[in-house]
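Take a look at the structure set out below.
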Amino acid sequence: MREWWREITGLVLPVACAGCGLPRTELCRPCAAALDGALPRRVRPSPEPAGLPVVRAAAPYENAVRAVLLAHKERGALGLAGALGRALAGAVRAGEGRLGDGGPLLLVPVPSARRSTGARGHDPVRRIALAAAGELRRDGVPARVLAALRQRRPVADQAGLGARQRQANLAGALEVVPGGGRLLAGGRVVLVDDLMTTGATLAEAARAVRSVLDSPPASPPASPRAFPPAFPRVTPGAASRAIEPAAARRGTGPGALCAAVVSASPAAFEINWNC
C-alpha cells in the first residue's frame, strides 16, 4: 500500500529523489542505502578540538548524502526526517556499548541559532533526533530526546571559518538549561547533530554538558574574615582540557557521554579506517 500511495502522489505532485533527482520518489533505495547502508564508524576531524567526545557517523558528507541533508535542512523536505533519523539511530547504536547500562539513553540535540530556526521554519537537528529516538524505542532501547542545551550568546555564521576560528567563535556559546543538569546526570548522554565538519560545535556542546556533570559539590561557606580566592583567567581551550580527566574517570553508565551524527566530512572517515 505504501508503494502504491507513493506512485499515486508521484503522479499528482512533482516529487523527485532528494539525493539523485529520480522522479516520483522522495528518496530512492540507492540513496537511502547511502545514508544507512554502511556500518557507522568513529570519525575524527583534523585538527581535533580539545574536549571532543567519541563521535560516530553513519555516512560521509558527499554526493547523495550531502544532497539529502541539504534538502531537509535548507529546503524543508521534512519527509526525509525518517530516513535521516534511521541513519542517526544507527550511529547511536554503534556507540551505545561504551555508555554501559543504567539510565535512559538521552539524545541531546545541538541547538540551532534562533535566527536560523526562524529562517528555515523548523529545527532540523531536533526533528532528526526525534525520529532517531522513535527508531531506537522500536528496537527496545529506552531512548528519548532531551533539549538540554541552549545558546547563551549569539555566534557568527560559521560558513567560511576555519577550524580554529570556529572554536573561538563557539567557545562558551552554549549552556545547559535550568534544571537540565539533574536530568542529564540520570541518563547516558549522546550529543547528536546532522553534520560534523571541524568538531567545534560538538566539543562546545560536550563542554557545556560536562560543566554540570563534573561540577564539584558546593564548598562550605567561607569564614567572615576570609578573603575570596583569586580566580585566574582560563582560556576556553584550557577549560576543556581541565575537565577531560574528570570526564574520563567517570567511565560508563549514568553520566557517560559520547556523540553521534548522520554525516561527517570524508576526511574524518579516512583517518579512522580501523575504528
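Residue names in the C-alpha cells use chain letters A, B, ... in the order shown, residue numbers from 1 in each chain, and ligand numbers from 1 in the order shown.
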I'd like the neighbourhood of A:Leu149 as a JSON list (two decimals) with all heavy atoms, in the first residue's frame, where a residue qualifies if any of its atoms comes within 6 Å (using only C-alpha atoms), though same-chain residues fewer than 4 positions away should be ignored.
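Everything below was put into around-v4.json:
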[["chain", "number", "residue", "atom", "x", "y", "z"],
["A", 175, "GLU", "N", 25.07, 26.55, 26.88],
["A", 175, "GLU", "CA", 24.89, 26.26, 28.29],
["A", 175, "GLU", "C", 23.74, 25.29, 28.47],
["A", 175, "GLU", "O", 22.88, 25.14, 27.58],
["A", 175, "GLU", "CB", 24.62, 27.54, 29.08],
["A", 175, "GLU", "CG", 23.31, 28.21, 28.74],
["A", 175, "GLU", "CD", 23.08, 29.48, 29.54],
["A", 175, "GLU", "OE1", 23.93, 29.81, 30.38],
["A", 175, "GLU", "OE2", 22.05, 30.14, 29.32],
["A", 176, "VAL", "N", 23.73, 24.62, 29.61],
["A", 176, "VAL", "CA", 22.63, 23.71, 29.94],
["A", 176, "VAL", "C", 21.48, 24.53, 30.49],
["A", 176, "VAL", "O", 21.67, 25.46, 31.29],
["A", 176, "VAL", "CB", 23.10, 22.66, 30.98],
["A", 176, "VAL", "CG1", 21.93, 21.80, 31.45],
["A", 176, "VAL", "CG2", 24.19, 21.78, 30.37],
["A", 177, "VAL", "N", 20.26, 24.20, 30.07],
["A", 177, "VAL", "CA", 19.09, 24.93, 30.52],
["A", 177, "VAL", "C", 18.89, 24.70, 32.03],
["A", 177, "VAL", "O", 19.34, 23.68, 32.58],
["A", 177, "VAL", "CB", 17.82, 24.49, 29.75],
["A", 177, "VAL", "CG1", 17.98, 24.75, 28.26],
["A", 177, "VAL", "CG2", 17.53, 23.00, 29.99]]
Exercise: A:Ala64 partners within 10 Å, only C-alpha atoms, chain neighbours under 6 positions left out, as JSON, numbers by chain: {"A": [17, 18, 19, 20, 21, 27, 30, 31, 32, 33, 34, 35, 70]}
Based on the selection just made, write all heavy atoms of those residues as a compact mmCIF listing (two decimals), in the first residue's frame.
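Saved the output as out.txt:
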# COMPACT_ATOMS: atom_id res chain seq x y z
N CYS A 17 13.62 12.40 -6.10
CA CYS A 17 14.53 11.95 -5.05
C CYS A 17 15.45 13.09 -4.64
O CYS A 17 16.08 13.73 -5.49
CB CYS A 17 15.34 10.75 -5.53
SG CYS A 17 16.62 10.23 -4.36
N ALA A 18 15.54 13.33 -3.35
CA ALA A 18 16.38 14.42 -2.84
C ALA A 18 17.86 14.14 -3.06
O ALA A 18 18.66 15.07 -3.09
CB ALA A 18 16.12 14.63 -1.35
N GLY A 19 18.21 12.87 -3.24
CA GLY A 19 19.62 12.54 -3.40
C GLY A 19 20.11 12.57 -4.83
O GLY A 19 21.21 13.05 -5.10
N CYS A 20 19.29 12.07 -5.76
CA CYS A 20 19.76 11.94 -7.15
C CYS A 20 18.82 12.54 -8.19
O CYS A 20 19.16 12.59 -9.37
CB CYS A 20 20.00 10.46 -7.48
SG CYS A 20 18.49 9.46 -7.48
N GLY A 21 17.62 12.96 -7.77
CA GLY A 21 16.68 13.56 -8.70
C GLY A 21 15.79 12.58 -9.42
O GLY A 21 15.03 12.97 -10.31
N LEU A 27 12.85 9.69 -1.85
CA LEU A 27 14.18 9.15 -1.60
C LEU A 27 14.25 7.75 -2.18
O LEU A 27 13.55 6.85 -1.70
CB LEU A 27 14.47 9.13 -0.09
CG LEU A 27 15.89 8.71 0.31
CD1 LEU A 27 16.91 9.74 -0.18
CD2 LEU A 27 16.00 8.55 1.83
N PRO A 30 18.71 3.38 -3.61
CA PRO A 30 20.17 3.55 -3.55
C PRO A 30 20.61 4.73 -2.69
O PRO A 30 21.60 4.64 -1.96
CB PRO A 30 20.55 3.77 -5.03
CG PRO A 30 19.48 3.08 -5.80
CD PRO A 30 18.23 3.31 -5.02
N CYS A 31 19.87 5.84 -2.74
CA CYS A 31 20.23 7.00 -1.92
C CYS A 31 19.95 6.72 -0.44
O CYS A 31 20.70 7.17 0.43
CB CYS A 31 19.49 8.24 -2.40
SG CYS A 31 20.07 8.84 -4.01
N ALA A 32 18.88 6.00 -0.15
CA ALA A 32 18.61 5.61 1.22
C ALA A 32 19.71 4.70 1.75
O ALA A 32 20.14 4.82 2.91
CB ALA A 32 17.25 4.93 1.32
N ALA A 33 20.19 3.81 0.89
CA ALA A 33 21.27 2.91 1.30
C ALA A 33 22.57 3.66 1.54
O ALA A 33 23.37 3.28 2.40
CB ALA A 33 21.48 1.83 0.23
N ALA A 34 22.78 4.76 0.79
CA ALA A 34 23.98 5.56 1.02
C ALA A 34 23.96 6.20 2.40
O ALA A 34 25.01 6.42 3.02
CB ALA A 34 24.09 6.65 -0.05
N LEU A 35 22.76 6.46 2.91
CA LEU A 35 22.61 7.05 4.24
C LEU A 35 22.87 6.05 5.35
O LEU A 35 23.62 6.33 6.29
CB LEU A 35 21.20 7.61 4.41
CG LEU A 35 20.95 9.08 4.12
CD1 LEU A 35 19.48 9.38 4.28
CD2 LEU A 35 21.78 9.97 5.03
N LEU A 70 20.95 18.60 2.87
CA LEU A 70 20.64 19.98 2.49
C LEU A 70 19.16 20.14 2.16
O LEU A 70 18.55 21.17 2.48
CB LEU A 70 21.50 20.41 1.30
CG LEU A 70 22.98 20.65 1.62
CD1 LEU A 70 23.76 20.95 0.34
CD2 LEU A 70 23.16 21.77 2.63
Given the choices A:Val43, A:Leu213, A:Val141, A:Leu174, which gets closest to A:Val55 if the distance is worked out from only C-alpha atoms? A:Val43
Check the DSSP output for the backbone and give back, as a ChimeraX atom specification, the residues of stretch 5-226 of chain A in strand (DSSP E or B). /A:16,23,41-43,55-60,105-109,143-145,149-151,174-176,188-196
Could you give me, as a PyMOL selection string, the residues within 8 Å of stretch 130-136 of chain A, counting only C-alpha atoms and dropping anything in the same chain fewer than 6 positions from it? chain A and resi 81-82+84-89+107+142-145
Requested write-out: N, CA, C and O atoms of the selected residues, as a compact mmCIF listing (two decimals), in the first residue's frame:
# COMPACT_ATOMS: atom_id res chain seq x y z
N ALA A 81 13.04 13.30 7.26
CA ALA A 81 13.47 13.16 8.66
C ALA A 81 13.49 11.70 9.09
O ALA A 81 14.35 11.30 9.89
N GLY A 82 12.57 10.88 8.58
CA GLY A 82 12.54 9.47 8.97
C GLY A 82 13.79 8.74 8.54
O GLY A 82 14.41 8.02 9.33
N LEU A 84 16.71 10.08 7.71
CA LEU A 84 17.85 10.65 8.42
C LEU A 84 17.87 10.18 9.88
O LEU A 84 18.94 9.94 10.44
N GLY A 85 16.70 10.03 10.47
CA GLY A 85 16.61 9.53 11.84
C GLY A 85 17.09 8.09 11.94
O GLY A 85 17.75 7.71 12.92
N ARG A 86 16.77 7.27 10.94
CA ARG A 86 17.26 5.88 10.95
C ARG A 86 18.78 5.84 10.86
O ARG A 86 19.43 5.03 11.53
N ALA A 87 19.34 6.72 10.03
CA ALA A 87 20.80 6.77 9.92
C ALA A 87 21.42 7.21 11.24
O ALA A 87 22.42 6.64 11.70
N LEU A 88 20.84 8.23 11.87
CA LEU A 88 21.35 8.70 13.15
C LEU A 88 21.21 7.62 14.22
O LEU A 88 22.12 7.42 15.05
N ALA A 89 20.10 6.90 14.22
CA ALA A 89 19.90 5.82 15.19
C ALA A 89 20.99 4.76 15.05
O ALA A 89 21.48 4.22 16.05
N LEU A 107 19.20 11.52 23.98
CA LEU A 107 19.71 12.15 22.77
C LEU A 107 19.58 13.66 22.96
O LEU A 107 18.47 14.20 23.04
N PRO A 142 15.58 2.26 25.48
CA PRO A 142 14.84 3.34 26.16
C PRO A 142 15.45 4.70 25.85
O PRO A 142 16.17 5.28 26.67
N ALA A 143 15.17 5.21 24.66
CA ALA A 143 15.77 6.47 24.21
C ALA A 143 14.73 7.58 24.20
O ALA A 143 13.56 7.35 23.90
N ARG A 144 15.17 8.77 24.52
CA ARG A 144 14.30 9.94 24.38
C ARG A 144 15.16 11.17 24.11
O ARG A 144 16.37 11.18 24.39
N VAL A 145 14.53 12.17 23.55
CA VAL A 145 15.22 13.42 23.23
C VAL A 145 15.12 14.36 24.42
O VAL A 145 14.04 14.55 24.99
Atom CA of A:Asp139 to atom CA of A:Val54: how many Å, to one decimal? 23.1 Å
Excluding A:Ala205 and residues on its chain fewer than 3 positions from it, collect all residues at most 12 Å away from it, counting only C-alpha atoms, and give them as a PyMOL selection string. chain A and resi 49-53+108-112+147-152+167+170-176+189-193+199-202+208-212+240+257-259
